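J.: mmCIF, C-alpha atoms, file data.cif:
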data_run
#
loop_
_atom_site.label_atom_id
_atom_site.label_comp_id
_atom_site.auth_asym_id
_atom_site.auth_seq_id
_atom_site.Cartn_x
_atom_site.Cartn_y
_atom_site.Cartn_z
CA MET A 1 24.94 -26.44 27.98
CA LYS A 2 22.47 -25.65 25.22
CA VAL A 3 23.51 -23.39 22.38
CA ASN A 4 20.72 -21.44 20.77
CA ILE A 5 21.34 -20.49 17.18
CA LEU A 6 18.91 -17.88 16.04
CA LYS A 7 17.98 -18.06 12.38
CA PRO A 8 17.13 -15.06 10.26
CA VAL A 9 13.42 -14.23 10.42
CA LEU A 10 12.74 -15.06 6.80
CA VAL A 11 14.26 -18.54 7.02
CA SER A 12 12.21 -19.50 10.03
CA ASN A 13 9.14 -17.95 8.41
CA GLN A 14 9.72 -20.20 5.41
CA GLU A 15 9.97 -23.26 7.64
CA ARG A 16 6.76 -22.32 9.41
CA ALA A 17 5.13 -21.78 5.99
CA LYS A 18 6.07 -25.37 5.06
CA GLU A 19 4.36 -26.64 8.22
CA ASN A 20 1.24 -24.63 7.34
CA ARG A 21 1.40 -26.14 3.86
CA LYS A 22 1.40 -29.67 5.30
CA PHE A 23 -1.72 -28.80 7.30
CA PHE A 24 -3.50 -27.55 4.16
CA ASP A 25 -2.29 -30.55 2.12
CA ARG A 26 -3.78 -33.01 4.60
CA ALA A 27 -7.17 -31.41 3.88
CA ASN A 28 -6.56 -31.07 0.10
CA SER A 29 -7.28 -27.36 0.40
CA LEU A 30 -6.43 -24.91 -2.36
CA VAL A 31 -5.00 -21.85 -0.60
CA LEU A 32 -4.69 -18.48 -2.33
CA ASN A 33 -2.72 -15.58 -0.83
CA ILE A 34 -4.44 -12.46 -2.16
CA ILE A 35 -2.26 -9.35 -2.19
CA GLY A 36 -2.92 -5.79 -3.39
CA SER A 37 -2.85 -2.12 -2.43
CA PRO A 38 -5.36 -0.65 0.02
CA GLY A 39 -8.57 -0.17 -1.92
CA SER A 40 -7.56 -2.28 -4.92
CA GLY A 41 -10.69 -4.36 -4.31
CA LYS A 42 -9.37 -7.49 -2.65
CA THR A 43 -12.52 -8.02 -0.58
CA SER A 44 -14.81 -7.33 -3.54
CA VAL A 45 -12.90 -9.79 -5.73
CA ILE A 46 -13.22 -12.40 -2.95
CA GLU A 47 -16.97 -11.69 -2.69
CA ASN A 48 -17.38 -12.30 -6.41
CA ILE A 49 -15.45 -15.59 -6.28
CA VAL A 50 -17.32 -16.78 -3.17
CA LYS A 51 -20.76 -16.01 -4.65
CA ARG A 52 -19.97 -18.13 -7.70
CA LEU A 53 -18.43 -21.11 -5.88
CA LYS A 54 -20.04 -21.38 -2.46
CA CYS A 55 -22.85 -23.77 -3.46
CA LYS A 56 -20.37 -26.28 -4.86
CA TYR A 57 -17.34 -25.96 -2.57
CA LYS A 58 -16.58 -25.45 1.11
CA ILE A 59 -14.89 -22.08 1.41
CA LEU A 60 -13.05 -20.33 4.26
CA VAL A 61 -11.82 -16.73 4.12
CA ILE A 62 -8.97 -15.62 6.38
CA GLU A 63 -8.87 -11.83 6.70
CA GLY A 64 -5.64 -10.02 7.51
CA ASP A 65 -6.06 -6.46 8.74
CA ILE A 66 -4.04 -4.19 10.96
CA LYS A 67 -7.13 -3.46 13.04
CA GLY A 68 -10.83 -4.16 13.06
CA SER A 69 -13.04 -6.70 11.33
CA ILE A 70 -14.94 -4.68 8.70
CA ASP A 71 -14.10 -7.09 5.88
CA SER A 72 -14.75 -10.35 7.70
CA GLU A 73 -18.12 -9.01 8.87
CA ARG A 74 -18.89 -8.05 5.27
CA LEU A 75 -17.91 -11.52 4.03
CA SER A 76 -19.78 -13.39 6.75
CA ARG A 77 -22.97 -11.93 5.26
CA LEU A 78 -22.34 -14.35 2.38
CA LYS A 79 -22.81 -17.14 4.95
CA ILE A 80 -19.32 -18.53 4.75
CA ASP A 81 -16.81 -19.12 7.54
CA THR A 82 -14.26 -16.38 8.18
CA ILE A 83 -11.30 -15.96 10.51
CA GLN A 84 -10.01 -12.47 11.30
CA ILE A 85 -6.33 -11.90 12.01
CA ASN A 86 -5.34 -8.48 13.37
CA THR A 87 -1.69 -7.84 12.67
CA GLN A 88 -1.55 -4.77 14.99
CA THR A 89 1.54 -2.92 13.75
CA GLU A 90 2.66 -5.45 11.13
CA CYS A 91 2.03 -4.49 7.51
CA HIS A 92 1.75 -8.08 6.25
CA LEU A 93 0.67 -11.58 7.25
CA ASP A 94 3.45 -14.01 8.08
CA ALA A 95 3.49 -17.78 8.44
CA PHE A 96 3.35 -17.61 12.25
CA MET A 97 0.16 -15.56 12.21
CA ILE A 98 -1.44 -18.15 9.92
CA ALA A 99 -0.15 -20.91 12.21
CA GLN A 100 -2.02 -19.30 15.09
CA ALA A 101 -5.23 -19.48 13.05
CA LEU A 102 -4.85 -23.18 12.14
CA PRO A 103 -6.32 -24.59 15.40
CA LYS A 104 -9.50 -22.66 14.60
CA ILE A 105 -9.88 -24.54 11.30
CA GLU A 106 -11.98 -27.46 12.47
CA LYS A 107 -13.61 -28.47 9.17
CA GLN A 108 -12.26 -29.50 5.78
CA TYR A 109 -12.35 -26.64 3.28
CA ASP A 110 -11.85 -27.02 -0.48
CA LEU A 111 -10.84 -23.41 -0.95
CA ILE A 112 -9.15 -21.07 1.52
CA LEU A 113 -8.87 -17.45 0.42
CA ILE A 114 -6.44 -15.43 2.51
CA GLU A 115 -6.78 -11.66 2.15
CA ASN A 116 -3.46 -10.12 3.08
CA VAL A 117 -2.97 -6.62 4.54
CA GLY A 118 -3.36 -3.90 1.89
CA ASN A 119 0.23 -3.34 0.77
CA LEU A 120 2.18 -4.08 -2.42
CA VAL A 121 5.55 -4.53 -0.74
CA CYS A 122 6.02 -6.63 2.40
CA PRO A 123 3.23 -9.22 1.94
CA ALA A 124 5.12 -10.47 -1.14
CA GLU A 125 8.18 -11.19 1.01
CA PHE A 126 6.49 -13.62 3.41
CA GLU A 127 5.31 -17.08 2.38
CA ILE A 128 2.41 -18.22 4.52
CA GLY A 129 1.80 -21.75 3.20
CA GLU A 130 -0.23 -20.76 0.15
CA ASP A 131 -0.52 -22.65 -3.13
CA TYR A 132 0.20 -19.37 -4.85
CA LYS A 133 -0.06 -15.61 -4.68
CA VAL A 134 -2.81 -13.69 -6.50
CA ALA A 135 -1.91 -10.04 -7.12
CA ILE A 136 -4.74 -7.54 -7.47
CA LEU A 137 -3.97 -4.42 -9.49
CA SER A 138 -6.77 -1.88 -9.81
CA THR A 139 -6.91 0.44 -12.79
CA PRO A 140 -6.92 3.75 -10.80
CA GLU A 141 -3.50 2.80 -9.38
CA GLY A 142 -1.87 3.19 -12.80
CA ASP A 143 -0.34 0.80 -15.32
CA ASP A 144 3.21 1.48 -14.03
CA LYS A 145 2.77 -0.27 -10.69
CA PRO A 146 4.38 -3.59 -11.83
CA ILE A 147 7.56 -1.60 -12.57
CA LYS A 148 7.54 0.19 -9.22
CA TYR A 149 6.60 -2.81 -7.05
CA PRO A 150 8.24 -5.64 -9.01
CA LEU A 151 8.57 -8.42 -6.42
CA LEU A 152 4.85 -9.17 -6.06
CA PHE A 153 4.31 -9.26 -9.82
CA HIS A 154 7.38 -11.44 -10.21
CA LEU A 155 6.13 -13.98 -7.65
CA ALA A 156 2.40 -14.07 -8.39
CA LYS A 157 0.94 -16.94 -10.43
CA VAL A 158 -2.17 -14.90 -11.17
CA VAL A 159 -2.70 -11.17 -11.61
CA VAL A 160 -6.24 -9.81 -11.48
CA ILE A 161 -6.67 -6.37 -13.08
CA ASN A 162 -9.71 -5.01 -11.24
CA LYS A 163 -12.02 -1.99 -11.80
CA ILE A 164 -12.02 -2.26 -15.60
CA ASP A 165 -15.41 -0.48 -15.44
CA LEU A 166 -13.43 2.73 -14.73
CA LEU A 167 -11.10 2.41 -17.75
CA GLN A 168 -12.83 5.07 -19.82
CA HIS A 169 -12.23 7.67 -17.08
CA LEU A 170 -8.54 6.87 -16.57
CA ASN A 171 -5.20 6.99 -18.35
CA PHE A 172 -4.63 3.31 -17.52
CA LYS A 173 -3.69 1.30 -20.63
CA ILE A 174 -4.45 -2.42 -20.37
CA LYS A 175 -1.88 -3.26 -23.05
CA LYS A 176 0.85 -1.36 -21.21
CA ALA A 177 -0.12 -2.92 -17.87
CA ARG A 178 0.00 -6.41 -19.43
CA LYS A 179 3.43 -5.70 -20.88
CA ASN A 180 4.73 -4.38 -17.55
CA ILE A 181 3.41 -7.47 -15.74
CA LEU A 182 4.70 -9.97 -18.33
CA ASP A 183 8.14 -8.30 -18.32
CA LYS A 184 8.41 -9.24 -14.63
CA ASN A 185 6.81 -12.66 -15.03
CA PRO A 186 6.31 -14.20 -18.49
CA LYS A 187 4.34 -17.21 -17.17
CA VAL A 188 1.76 -15.25 -15.20
CA LEU A 189 -1.97 -15.56 -15.90
CA ILE A 190 -3.76 -12.23 -16.21
CA PHE A 191 -7.52 -11.77 -15.72
CA GLU A 192 -9.38 -8.51 -16.31
CA VAL A 193 -12.41 -8.02 -14.08
CA SER A 194 -14.83 -5.55 -12.58
CA ALA A 195 -15.80 -6.54 -9.06
CA LYS A 196 -18.49 -3.86 -9.31
CA ASN A 197 -20.45 -5.32 -12.24
CA GLY A 198 -19.06 -8.88 -12.23
CA LYS A 199 -17.50 -8.68 -15.69
CA GLY A 200 -14.63 -11.09 -16.32
CA PHE A 201 -15.24 -13.32 -13.31
CA ASP A 202 -16.42 -16.34 -15.33
CA LYS A 203 -12.91 -16.88 -16.71
CA LEU A 204 -11.23 -16.36 -13.34
CA VAL A 205 -13.66 -18.71 -11.58
CA ASP A 206 -13.24 -21.34 -14.34
CA PHE A 207 -9.51 -21.25 -13.71
CA ILE A 208 -9.96 -21.63 -9.93
CA GLU A 209 -12.37 -24.54 -10.46
CA LYS A 210 -9.77 -26.33 -12.58
CA GLU A 211 -7.24 -25.87 -9.78
CA LEU A 212 -9.80 -27.20 -7.27
CA THR A 213 -10.34 -30.31 -9.43
CA LYS A 214 -6.59 -31.05 -9.39
CA LYS A 215 -6.76 -31.23 -5.58
CA LYS A 216 -9.40 -33.98 -5.56
CA MET B 217 35.91 -2.23 29.08
CA LYS B 218 33.35 -0.63 26.85
CA VAL B 219 29.72 -1.67 27.19
CA ASN B 220 27.65 -1.28 24.05
CA ILE B 221 23.98 -0.79 24.67
CA LEU B 222 22.00 -1.28 21.51
CA LYS B 223 18.88 0.82 21.25
CA PRO B 224 15.69 -0.30 19.56
CA VAL B 225 15.59 0.67 15.88
CA LEU B 226 12.75 3.15 16.25
CA VAL B 227 14.49 5.10 19.02
CA SER B 228 17.65 5.55 17.01
CA ASN B 229 15.56 6.39 13.94
CA GLN B 230 13.90 9.13 15.97
CA GLU B 231 17.29 10.49 17.04
CA ARG B 232 18.49 10.50 13.46
CA ALA B 233 15.24 12.25 12.45
CA LYS B 234 16.03 15.00 14.97
CA GLU B 235 19.46 15.49 13.37
CA ASN B 236 17.83 15.70 9.94
CA ARG B 237 15.40 18.25 11.39
CA LYS B 238 18.30 20.43 12.59
CA PHE B 239 19.74 20.36 9.06
CA PHE B 240 16.41 21.50 7.59
CA ASP B 241 15.95 24.14 10.30
CA ARG B 242 19.31 25.73 9.53
CA ALA B 243 18.01 26.35 5.98
CA ASN B 244 14.48 27.36 7.12
CA SER B 245 13.07 24.66 4.87
CA LEU B 246 9.48 23.49 5.13
CA VAL B 247 9.62 19.69 4.77
CA LEU B 248 6.53 17.62 3.97
CA ASN B 249 6.49 13.80 4.22
CA ILE B 250 3.93 12.69 1.64
CA ILE B 251 2.43 9.26 2.28
CA GLY B 252 -0.25 7.27 0.46
CA SER B 253 -1.08 3.95 -1.22
CA PRO B 254 0.48 2.95 -4.53
CA GLY B 255 -1.41 4.83 -7.21
CA SER B 256 -3.11 7.28 -4.84
CA GLY B 257 -1.56 10.10 -6.87
CA LYS B 258 1.32 11.27 -4.69
CA THR B 259 3.47 12.27 -7.68
CA SER B 260 0.57 14.02 -9.42
CA VAL B 261 -0.28 15.98 -6.28
CA ILE B 262 3.39 17.02 -6.01
CA GLU B 263 3.36 18.08 -9.69
CA ASN B 264 0.35 20.29 -9.06
CA ILE B 265 1.93 21.93 -6.00
CA VAL B 266 5.27 22.43 -7.77
CA LYS B 267 3.69 24.03 -10.85
CA ARG B 268 1.90 26.62 -8.67
CA LEU B 269 4.86 27.47 -6.41
CA LYS B 270 8.06 27.01 -8.38
CA CYS B 271 8.32 30.61 -9.68
CA LYS B 272 8.15 32.00 -6.16
CA TYR B 273 9.99 29.42 -4.05
CA LYS B 274 13.02 27.14 -4.31
CA ILE B 275 11.72 23.59 -4.29
CA LEU B 276 13.40 20.20 -3.94
CA VAL B 277 11.61 16.86 -4.33
CA ILE B 278 13.07 13.73 -2.72
CA GLU B 279 11.59 10.58 -4.27
CA GLY B 280 11.43 7.33 -2.32
CA ASP B 281 10.90 4.22 -4.41
CA ILE B 282 11.80 0.57 -4.01
CA LYS B 283 13.37 0.58 -7.45
CA GLY B 284 13.78 2.83 -10.48
CA SER B 285 13.45 6.54 -11.00
CA ILE B 286 10.23 6.92 -13.04
CA ASP B 287 8.80 9.59 -10.73
CA SER B 288 11.93 11.70 -10.29
CA GLU B 289 12.43 11.71 -14.08
CA ARG B 290 8.80 12.82 -14.45
CA LEU B 291 9.27 15.60 -11.89
CA SER B 292 12.59 16.80 -13.28
CA ARG B 293 10.66 17.74 -16.44
CA LEU B 294 9.19 20.55 -14.31
CA LYS B 295 12.77 21.89 -14.08
CA ILE B 296 13.14 21.47 -10.34
CA ASP B 297 15.84 19.61 -8.43
CA THR B 298 15.11 16.02 -7.43
CA ILE B 299 16.94 13.37 -5.44
CA GLN B 300 16.01 9.71 -5.91
CA ILE B 301 16.31 7.27 -3.02
CA ASN B 302 15.92 3.56 -3.85
CA THR B 303 14.92 1.65 -0.73
CA GLN B 304 15.60 -1.77 -2.35
CA THR B 305 13.57 -4.15 -0.14
CA GLU B 306 12.39 -1.59 2.42
CA CYS B 307 8.75 -0.53 2.17
CA HIS B 308 9.27 2.93 3.67
CA LEU B 309 11.78 5.75 3.99
CA ASP B 310 13.57 6.04 7.31
CA ALA B 311 15.63 8.85 8.85
CA PHE B 312 18.93 7.19 7.91
CA MET B 313 18.03 7.07 4.22
CA ILE B 314 17.20 10.79 4.34
CA ALA B 315 20.48 11.41 6.20
CA GLN B 316 22.35 9.83 3.30
CA ALA B 317 20.68 12.28 0.92
CA LEU B 318 21.56 15.39 3.00
CA PRO B 319 25.13 15.83 1.66
CA LYS B 320 23.59 16.10 -1.81
CA ILE B 321 21.53 19.11 -0.73
CA GLU B 322 23.94 21.91 -1.59
CA LYS B 323 21.50 24.81 -1.97
CA GLN B 324 18.93 26.41 0.30
CA TYR B 325 15.40 25.24 -0.49
CA ASP B 326 12.22 26.86 0.84
CA LEU B 327 10.14 23.74 0.32
CA ILE B 328 11.24 20.11 0.35
CA LEU B 329 8.60 17.60 -0.69
CA ILE B 330 9.48 14.02 0.20
CA GLU B 331 7.44 11.36 -1.60
CA ASN B 332 7.50 8.24 0.54
CA VAL B 333 7.18 4.67 -0.79
CA GLY B 334 3.58 3.81 -1.77
CA ASN B 335 2.26 2.17 1.41
CA LEU B 336 -0.28 3.18 4.07
CA VAL B 337 1.35 1.28 6.92
CA CYS B 338 5.10 1.42 7.60
CA PRO B 339 5.94 4.93 6.30
CA ALA B 340 3.73 6.30 9.10
CA GLU B 341 5.91 4.59 11.72
CA PHE B 342 9.19 6.28 10.75
CA GLU B 343 9.88 9.96 11.35
CA ILE B 344 12.36 11.31 8.83
CA GLY B 345 12.80 14.90 10.03
CA GLU B 346 9.69 16.32 8.40
CA ASP B 347 7.64 19.31 9.59
CA TYR B 348 4.60 17.10 9.19
CA LYS B 349 3.04 14.20 7.33
CA VAL B 350 0.61 14.72 4.45
CA ALA B 351 -1.63 11.69 3.85
CA ILE B 352 -3.03 11.19 0.36
CA LEU B 353 -6.29 9.20 0.13
CA SER B 354 -7.66 8.64 -3.37
CA THR B 355 -11.38 8.12 -3.86
CA PRO B 356 -11.13 4.70 -5.64
CA GLU B 357 -9.50 3.28 -2.49
CA GLY B 358 -12.75 3.65 -0.54
CA ASP B 359 -13.93 5.85 2.31
CA ASP B 360 -13.17 3.16 4.93
CA LYS B 361 -9.39 3.36 4.63
CA PRO B 362 -8.89 5.69 7.64
CA ILE B 363 -10.53 2.98 9.79
CA LYS B 364 -8.37 0.19 8.37
CA TYR B 365 -5.05 2.08 8.36
CA PRO B 366 -5.53 4.36 11.38
CA LEU B 367 -1.96 5.32 12.33
CA LEU B 368 -1.23 7.46 9.28
CA PHE B 369 -4.52 9.34 9.56
CA HIS B 370 -3.93 9.79 13.28
CA LEU B 371 -0.46 11.29 12.74
CA ALA B 372 -1.00 13.40 9.60
CA LYS B 373 -1.47 17.15 9.92
CA VAL B 374 -3.00 17.31 6.43
CA VAL B 375 -5.10 14.79 4.50
CA VAL B 376 -5.53 15.30 0.76
CA ILE B 377 -8.51 13.48 -0.74
CA ASN B 378 -7.45 13.03 -4.38
CA LYS B 379 -9.27 11.96 -7.58
CA ILE B 380 -12.52 13.75 -6.72
CA ASP B 381 -13.12 13.85 -10.51
CA LEU B 382 -14.02 10.14 -10.24
CA LEU B 383 -16.61 10.56 -7.45
CA GLN B 384 -19.63 10.14 -9.70
CA HIS B 385 -18.40 6.69 -10.78
CA LEU B 386 -17.66 5.39 -7.27
CA ASN B 387 -19.37 4.50 -4.01
CA PHE B 388 -16.95 6.79 -2.14
CA LYS B 389 -18.82 9.22 0.17
CA ILE B 390 -16.85 12.38 0.99
CA LYS B 391 -18.91 12.96 4.15
CA LYS B 392 -18.20 9.45 5.42
CA ALA B 393 -14.49 9.74 4.56
CA ARG B 394 -14.27 13.06 6.41
CA LYS B 395 -15.97 11.55 9.46
CA ASN B 396 -13.65 8.51 9.41
CA ILE B 397 -10.58 10.79 9.18
CA LEU B 398 -11.77 13.24 11.87
CA ASP B 399 -12.59 10.35 14.22
CA LYS B 400 -8.89 9.42 14.15
CA ASN B 401 -7.65 13.01 14.21
CA PRO B 402 -10.02 15.87 15.10
CA LYS B 403 -7.43 18.60 14.36
CA VAL B 404 -6.50 17.43 10.85
CA LEU B 405 -6.92 19.68 7.82
CA ILE B 406 -8.68 18.01 4.89
CA PHE B 407 -8.38 19.20 1.28
CA GLU B 408 -10.36 17.74 -1.63
CA VAL B 409 -8.53 17.84 -4.96
CA SER B 410 -8.29 16.38 -8.43
CA ALA B 411 -4.68 16.15 -9.57
CA LYS B 412 -6.08 15.38 -13.02
CA ASN B 413 -7.97 18.63 -13.57
CA GLY B 414 -6.37 20.79 -10.85
CA LYS B 415 -9.58 21.35 -8.88
CA GLY B 416 -9.08 22.18 -5.19
CA PHE B 417 -5.36 22.97 -5.39
CA ASP B 418 -5.78 26.70 -4.78
CA LYS B 419 -6.83 26.09 -1.16
CA LEU B 420 -4.09 23.52 -0.56
CA VAL B 421 -1.41 25.76 -2.07
CA ASP B 422 -2.66 28.78 -0.06
CA PHE B 423 -2.22 26.72 3.09
CA ILE B 424 1.32 25.65 2.10
CA GLU B 425 2.22 29.28 1.29
CA LYS B 426 1.08 30.36 4.77
CA GLU B 427 3.33 27.68 6.26
CA LEU B 428 6.22 28.88 4.07
CA THR B 429 5.72 32.44 5.30
CA LYS B 430 6.03 31.28 8.93
CA LYS B 431 9.50 29.93 8.12
CA LYS B 432 10.82 33.30 6.95
#
Translate this structure into C-alpha cells?
T.:
Amino acid sequence: MKVNILKPVLVSNQERAKENRKFFDRANSLVLNIIGSPGSGKTSVIENIVKRLKCKYKILVIEGDIKGSIDSERLSRLKIDTIQINTQTECHLDAFMIAQALPKIEKQYDLILIENVGNLVCPAEFEIGEDYKVAILSTPEGDDKPIKYPLLFHLAKVVVINKIDLLQHLNFKIKKARKNILDKNPKVLIFEVSAKNGKGFDKLVDFIEKELTKKK
Amino acid sequence: MKVNILKPVLVSNQERAKENRKFFDRANSLVLNIIGSPGSGKTSVIENIVKRLKCKYKILVIEGDIKGSIDSERLSRLKIDTIQINTQTECHLDAFMIAQALPKIEKQYDLILIENVGNLVCPAEFEIGEDYKVAILSTPEGDDKPIKYPLLFHLAKVVVINKIDLLQHLNFKIKKARKNILDKNPKVLIFEVSAKNGKGFDKLVDFIEKELTKKK
C-alpha cells in the first residue's frame, strides 16, 4: 500500500523552483524576478531595459497578471518574445506556474525578465527559479514602504527606485528610502531611475550586462 | 462517533464575518473596509476623513499591517482611538483577525475605519464584517489598474481616486479611469480627492455623513 506524504506548499514550491532553475541553467539564461506594487512601473522599467539590450541579447519577458494581457501586448510591440501567465485568483507567481510556461520556451534566451503580479507581499514568498529578485519601489508610494513590507526588500539583490522625475512634487526622501532599504538588506544594490524619461537606466543596464557576461 | 467536516477557509471566514457584523450592528457602527495598493494613500485619506468628522462622531481606526505600527501611531496623533493588527506573513485582513480585535472595542463608535494591508488582490477576497469596501486608486498607479485587478473594483461600493494634485505630471486620464471602474461596477460611487491638499473631501465626507445618519 502506498503512503502519500503531503509536503507543505512552500517546500514543494521550492523544489519545483530548483527544477526551473536547472532548466534556465542549461540555457545559461539570466532570470530576474521583478516585483513591485501595482503601478510602481514594472512594465515601464522592463521596456527601458529591453530597448537598451535587445539588439545585443536574446530576451524573453514572462508576464504574470491576474487577468488579461495588456502588458504582454504592450511589450510585444518592442518585437521581443513574451509569454503571458494569468494567475486567476492568485496574487503571485509560483514555481509551478513558471513550470507550466517552460515547454513554451523553445529558443535559448540570454535574459528572461519575469514580471510578477503587482503586490509587495506574497510574490516575495515564492521562489520561481530566478537568479534573483528585483524590487521596484516608486517614489509616490512613500519612502516608508521598506519598513512596512520588509520581506521583499530583505530578499532582493537589486532595488530600483522608479519615478524620480516626480520627486519635486512629493515628500519622498531618497536618503530616507535608501536608509530604510539598507537597514533591511545591507548588501543590496540600489538604482534610481525614471522610466518616463530614461534617466538612470545606463547604470542599471551596465550592471545587468555584467551579470549577462558572467553567464557566458 | 463524531464526524468532523472541515469547511473551506473562505466559507468559515464568511461565517465569522457575519458574527463580526452582528457585533457592529449592535453598536450601530458604520464600518468601512479600506483597500488599496501600498502607497496609494489609505492612511492619508483616513486622516482627512477623521479630521472632518471627529468633533461630531466617535471614530475608531483599525490598522492592518504586516509589521509595525507606523500608521496607527500617526493616526493616534489625531487623538482618536486606534487598534493595530499585525498580520505577520498574511497579505490581507480576514474576519478572524478582526474577531480577535473585537474584545478590545469597549466603547460605542459611530464610524469604524479599517485600513487593510496594502494590496489590491487578496484583501478583496476576504469579508471582515464591513458595511462596504472602499477602494483607493492613486493616480501614479495608472488608469488601467481596474482592468488588471478587477475583483476589488467589482466589489467596492466606493472608489476614491487619490493624488489628483499630481495629474498634470502623469499620463493618468480621469475619464479613462472612470470608464475602467464603471465597466467593472456600474453602480459604484467615484470620488476624486487629493489627500495632500484636501481637495474633493467635502463630497466624500458628505456621503459618509449621510450613511452615518442612516445608522441612527
J.: Quick one: residues within 6 Å of Ser253 in chain B, only C-alpha atoms counted, chain neighbours fewer than 6 positions away excluded, as number ranges by chain?
T.: B: 334-336
J.: Run the PyMOL selection byres ((chain B) within 9 of (chain A)) on the file and write out the hits as a PyMOL selection string.
T.: chain B and resi 253-257+281-286+305-307+334-338+341+354-358+360-361+363-366+382+385-386
J.: So which residues get picked by the PyMOL selection byres ((chain B and resi 245) around 10) here, written as a list in words?
T.: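 For this structure, the PyMOL selection byres ((chain B and resi 245) around 10) resolves to Arg237, Phe239, Phe240, Asp241, Arg242, Ala243, Asn244, Leu246, Val247, Leu248, Lys274, Ile275, Leu276, Gln324, Tyr325, Asp326, Leu327, Ile328, Glu346, Asp347, Leu428, Lys431 and Lys432 of chain B.
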J.: Selected by the PyMOL selection byres ((chain B and resi 371) around 8) in the shown coordinates: which residues, as number ranges by chain?
T.: B: 340, 349, 367-370, 372-373, 401
J.: Separation of CA of Ile85 in chain A and CA of Asn197 in chain A, in Å?
T.: 28.8 Å
J.: Which of these, A:Asn33, A:Asn180, A:Gln100, A:Ser76, has the shortest distance to Val50 in chain A once you count all atoms listed in the file?
T.: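 Closest to Val50 in chain A of all the choices is A:Ser76.
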J.: Return the single residue from A:Lys210, A:Pro146, A:Gly200, A:Lys18 that is closest to Lys179 in chain A, with distances computed using all atoms listed in the file.
T.: A:Pro146
J.: Would you place a box with edges along x, y and z of the file around all atoms of range 30-35 of chain A listed there, add 3 Å to each of its six sides, and report the centre and edge lengths in Å to one decimal, as lines of an AutoDock Vina configuration file?
T.:
center_x = -4.3
center_y = -17.1
center_z = -1.5
size_x = 10.2
size_y = 21.6
size_z = 7.8
J.: How many Å separate CA of Gly129 in chain A from CA of Ile35 in chain A?
T.: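 CA of Gly129 in chain A sits 14.1 Å away from CA of Ile35 in chain A.
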J.: Report, in Å to a single decimal, how far apart CA of Glu263 in chain B and CA of Val404 in chain B are.
T.: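 Rounded to one decimal, the two atoms are 22.8 Å apart.
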